[in-house]
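First up is the structure itself, then whatever we jot down about it.
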Amino acid sequence: MSNTVRLFGMKLDAVRMPEAIGQLVHWVHNPDGRCRYVVTPNVDHAVMFQEHIGLQRAYIDASLVLADGFPVLAAARLLGRKIPERVPGSDLVPALFEMANAKSTSFPLRVFLLGAAPGVADRAAENIRQRWPAVSVVGTYSPPLGFEKNQRENAAILERIAAVRPDVLVVGLGAPKQELWVHTHRQQIAAPVALCVGATIDFLAGEKPRAPIW
Ligand code: UDP
């Protein structure tokens with residue numbers, strides 16, 4: 001991505017939603033064998049980032065770093081650096097689905113939903129099927145507590161993903177777990193794109209009301 005803004009040690013991509021979506025679509029259509037992943041920092045993540053070397057490493061290897069909230073935009077502006085708009089993960093995912101649906105014949109999108117409490121991703125999948133018929137949810141999985149420390153469990157998750165080879169892996173494990181998990185396993189994730197997007201699966205399932213726009 002061309003235009004980056006340094007803020008609190010993070011390197012943010014100064015892009016608008018359509019540009020971010022265009023980039024994701026390009027990666028889906030042009031896989032190059034690796035899993036490119038997206039992180040969407042808000043202020044809490046920026047604070048965590050300062051002391052967390054693992055998270056800092058995960059951010060370095062991220063292919064897109066998108067400002068999730070207005071406070072991040074405001075902080076950038078105070079420092080004289082411009083990020084054109086916020087691109088929260090919870091908007092990015094529906095916008096990507098919308099794009100796939102609008103171009104359904106040329107862009108059928110296969111997604112895997114990883115994370116959220118048991119049953120939530122399946123409810124999200126049902127809502128996605130109804131709202132965006134061009135999007136196929138080819139897998140869902142809610143990992144048990146502490147799964148990230150269990151090698152057998154990690155291998156099983158990677159196998160589930162590899163068995164269906166989605167275009168996009170939606171990862172909703174909360175920060176920093178989702179960023180660390182994707183970073184650690186990025187060489188084995190059989191998807192061209194992974195999106196680390198917090199509670200987005202809950203939103204898609206209608207489980208949680210969205211935060212107010214401000
Ligand atoms: N979550 C999960 N496994 C875990 C921890 C969290 O699936 O071990 C899910 C949780 O159910 C919720 C999401 O991760 O769907 C966390 O969303 P939150 O908005 O808290 O994300 P954050 O703001 O921390 O990125």
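Chain labels run A, B, ... following the order of the structure tokens; each chain numbers its residues from 1, and ligands are numbered from 1 in the order shown.
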
- Message: According to DSSP computed on the backbone, where in stretch 32-171 of chain A is there helix (DSSP H, G or I)? Give the residues as a VMD selection string.
- Response: chain A and resid 43 to 51 53 to 60 70 to 78 89 to 102 120 to 131 147 to 149 151 to 164

- Item | Who sits within 12 Å of A:Arg77, only C-alpha atoms, same chain under 5 positions skipped, as JSON, numbers by chain | {"A": [5, 6, 7, 14, 70, 71, 72, 82, 83, 84, 85]}

Let's have the selection written as a PDB file, in the first residue's frame, with N, CA and C atoms.
ATOM      1  N   VAL A   5       0.996   6.004   7.511  1.00  0.00           N
ATOM      2  CA  VAL A   5       1.102   7.039   8.543  1.00  0.00           C
ATOM      3  C   VAL A   5       1.642   6.383   9.808  1.00  0.00           C
ATOM      4  N   ARG A   6       2.698   6.950  10.372  1.00  0.00           N
ATOM      5  CA  ARG A   6       3.246   6.395  11.615  1.00  0.00           C
ATOM      6  C   ARG A   6       2.543   7.008  12.806  1.00  0.00           C
ATOM      7  N   LEU A   7       2.053   6.154  13.693  1.00  0.00           N
ATOM      8  CA  LEU A   7       1.313   6.649  14.853  1.00  0.00           C
ATOM      9  C   LEU A   7       1.544   5.690  16.026  1.00  0.00           C
ATOM     10  N   ALA A  14      -3.154   4.662   5.128  1.00  0.00           N
ATOM     11  CA  ALA A  14      -4.108   5.777   5.007  1.00  0.00           C
ATOM     12  C   ALA A  14      -4.983   5.546   3.780  1.00  0.00           C
ATOM     13  N   PHE A  70     -12.528   6.504  15.444  1.00  0.00           N
ATOM     14  CA  PHE A  70     -12.297   7.947  15.320  1.00  0.00           C
ATOM     15  C   PHE A  70     -11.140   8.435  16.189  1.00  0.00           C
ATOM     16  N   PRO A  71     -10.962   7.927  17.435  1.00  0.00           N
ATOM     17  CA  PRO A  71      -9.842   8.425  18.242  1.00  0.00           C
ATOM     18  C   PRO A  71      -8.489   8.241  17.551  1.00  0.00           C
ATOM     19  N   VAL A  72      -8.348   7.167  16.798  1.00  0.00           N
ATOM     20  CA  VAL A  72      -7.089   6.937  16.070  1.00  0.00           C
ATOM     21  C   VAL A  72      -6.921   8.008  14.990  1.00  0.00           C
ATOM     22  N   LYS A  82      -2.566  12.595   8.187  1.00  0.00           N
ATOM     23  CA  LYS A  82      -3.961  12.431   7.782  1.00  0.00           C
ATOM     24  C   LYS A  82      -4.297  11.000   7.372  1.00  0.00           C
ATOM     25  N   ILE A  83      -5.304  10.462   8.048  1.00  0.00           N
ATOM     26  CA  ILE A  83      -5.889   9.187   7.620  1.00  0.00           C
ATOM     27  C   ILE A  83      -7.294   9.554   7.122  1.00  0.00           C
ATOM     28  N   PRO A  84      -7.627   9.248   5.867  1.00  0.00           N
ATOM     29  CA  PRO A  84      -8.843   9.815   5.274  1.00  0.00           C
ATOM     30  C   PRO A  84     -10.146   9.378   5.939  1.00  0.00           C
ATOM     31  N   GLU A  85     -10.215   8.149   6.412  1.00  0.00           N
ATOM     32  CA  GLU A  85     -11.443   7.715   7.104  1.00  0.00           C
ATOM     33  C   GLU A  85     -11.157   6.460   7.907  1.00  0.00           C
TER      34      GLU A  85
END

- Query: Could you name the residues that touch stretch 113-115 of chain A at 12 Å or less, counting only C-alpha atoms, but leaving out those on the same chain fewer than 6 positions away, as a PyMOL selection string?
  - Reply: chain A and resi 93+121-126+128+136-145+147-148+154+157-158+160-161+164+166-175+177-178+181-182+189+191+194-202+204-205

Store the residues picked out above in a file with C-alpha atoms, as an mmCIF file, in the first residue's frame.
data_model
loop_
_atom_site.group_PDB
_atom_site.id
_atom_site.type_symbol
_atom_site.label_atom_id
_atom_site.label_comp_id
_atom_site.auth_asym_id
_atom_site.auth_seq_id
_atom_site.Cartn_x
_atom_site.Cartn_y
_atom_site.Cartn_z
ATOM 1 C CA VAL A 93 -16.384 -7.502 6.281
ATOM 2 C CA ALA A 121 -20.668 -18.302 13.767
ATOM 3 C CA ASP A 122 -23.369 -20.680 12.509
ATOM 4 C CA ARG A 123 -26.015 -18.015 13.150
ATOM 5 C CA ALA A 124 -23.779 -15.502 11.367
ATOM 6 C CA ALA A 125 -23.460 -17.974 8.457
ATOM 7 C CA GLU A 126 -27.249 -18.237 8.158
ATOM 8 C CA ILE A 128 -24.842 -14.141 5.515
ATOM 9 C CA SER A 136 -20.621 -19.052 0.830
ATOM 10 C CA VAL A 137 -19.624 -19.777 4.400
ATOM 11 C CA VAL A 138 -17.593 -22.938 3.839
ATOM 12 C CA GLY A 139 -16.617 -23.444 7.475
ATOM 13 C CA THR A 140 -17.124 -22.185 11.004
ATOM 14 C CA TYR A 141 -15.289 -23.020 14.202
ATOM 15 C CA SER A 142 -15.375 -21.759 17.755
ATOM 16 C CA PRO A 143 -12.085 -22.797 19.385
ATOM 17 C CA PRO A 144 -12.162 -23.835 23.053
ATOM 18 C CA LEU A 145 -10.612 -21.709 25.793
ATOM 19 C CA PHE A 147 -6.715 -23.462 22.302
ATOM 20 C CA GLU A 148 -3.847 -21.255 21.156
ATOM 21 C CA ASN A 154 -3.939 -25.487 16.367
ATOM 22 C CA ILE A 157 -7.910 -25.745 13.081
ATOM 23 C CA LEU A 158 -5.367 -25.363 10.274
ATOM 24 C CA ARG A 160 -10.203 -27.558 8.931
ATOM 25 C CA ILE A 161 -9.236 -24.457 6.977
ATOM 26 C CA VAL A 164 -12.104 -26.125 2.438
ATOM 27 C CA PRO A 166 -11.594 -20.389 1.740
ATOM 28 C CA ASP A 167 -10.889 -17.136 -0.080
ATOM 29 C CA VAL A 168 -11.117 -15.236 3.174
ATOM 30 C CA LEU A 169 -10.607 -16.329 6.776
ATOM 31 C CA VAL A 170 -12.563 -14.082 9.156
ATOM 32 C CA VAL A 171 -10.854 -14.277 12.562
ATOM 33 C CA GLY A 172 -12.828 -13.036 15.555
ATOM 34 C CA LEU A 173 -10.831 -14.023 18.627
ATOM 35 C CA GLY A 174 -10.322 -10.568 20.136
ATOM 36 C CA ALA A 175 -7.035 -8.682 20.317
ATOM 37 C CA LYS A 177 -5.163 -13.294 20.400
ATOM 38 C CA GLN A 178 -6.357 -13.057 16.782
ATOM 39 C CA TRP A 181 -2.612 -16.572 16.160
ATOM 40 C CA VAL A 182 -2.652 -15.458 12.537
ATOM 41 C CA ILE A 189 -3.132 -20.872 6.876
ATOM 42 C CA ALA A 191 -6.342 -18.864 2.644
ATOM 43 C CA ALA A 194 -7.221 -13.361 6.785
ATOM 44 C CA LEU A 195 -9.066 -10.538 8.532
ATOM 45 C CA CYS A 196 -8.480 -9.993 12.272
ATOM 46 C CA VAL A 197 -11.761 -8.324 13.111
ATOM 47 C CA GLY A 198 -12.735 -8.722 16.796
ATOM 48 C CA ALA A 199 -16.438 -9.061 17.419
ATOM 49 C CA THR A 200 -17.486 -8.936 13.747
ATOM 50 C CA ILE A 201 -18.816 -12.516 13.800
ATOM 51 C CA ASP A 202 -21.032 -11.521 16.760
ATOM 52 C CA LEU A 204 -23.021 -10.683 11.736
ATOM 53 C CA ALA A 205 -24.947 -13.071 13.966
#

- A:Val193, A:Gly119, A:Leu79, A:Glu179 ranked by distance to A:Glu207, top pick (using only C-alpha atoms): A:Gly119

- Pick from A:Ala95, A:Asn101, A:His185, A:Arg131, whichever lies nearest to A:Glu159 using only C-alpha atoms: A:His185

- Task: Go ahead and compute the interatomic distance for atom CA of A:Val39 and atom CA of A:Leu64, in Å to one decimal.
- Result: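 Computing the Euclidean distance for atom CA of A:Val39 and atom CA of A:Leu64 yields 6.4 Å.
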
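When only C-alpha atoms and all ligand atoms are used to measure the gap to ligand 1, the shortest distance among A:Gly22, A:Gly146, A:Pro192, A:Gly54 belongs to A:Gly146.
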
- Task: Enumerate as a PyMOL selection string all residues of stretch 7-116 of chain A assigned to strand (DSSP E) by DSSP on the backbone, naming them with the chain letters and numbers the document uses.
- Result: chain A and resi 7+10-13+36-39+64-65+109-115

Can those selected residues be exported to a file as a tab-separated table (two decimals), in the first residue's frame so that it contains C-alpha atoms?
chain	number	residue	atom	x	y	z
A	7	LEU	CA	1.31	6.65	14.85
A	10	MET	CA	2.27	1.58	14.38
A	11	LYS	CA	2.37	1.99	10.61
A	12	LEU	CA	-1.20	2.63	9.46
A	13	ASP	CA	-2.40	2.50	5.88
A	36	ARG	CA	-1.96	-11.84	3.75
A	37	TYR	CA	-3.67	-10.54	6.82
A	38	VAL	CA	-5.37	-7.36	7.93
A	39	VAL	CA	-5.40	-5.79	11.39
A	64	LEU	CA	-2.98	-3.86	5.75
A	65	VAL	CA	-3.24	-1.88	8.99
A	109	LEU	CA	-16.66	-15.48	-2.25
A	110	ARG	CA	-15.91	-18.44	0.03
A	111	VAL	CA	-15.34	-17.57	3.67
A	112	PHE	CA	-14.45	-19.37	6.90
A	113	LEU	CA	-15.56	-17.88	10.22
A	114	LEU	CA	-13.11	-18.62	13.04
A	115	GLY	CA	-14.02	-17.47	16.55

- Separating atom CA of A:Ala162 from atom CA of A:Ala190, to the nearest tenth of an Å, is a gap of 5.0 Å

- Query: Which of these residues is nearest to ligand 1, using only C-alpha atoms and all ligand atoms: A:Met99, A:Met48, A:Ala20, A:Ala155?
  - Reply: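 Looking at the shortest contact to ligand 1, the residue is A:Met48.
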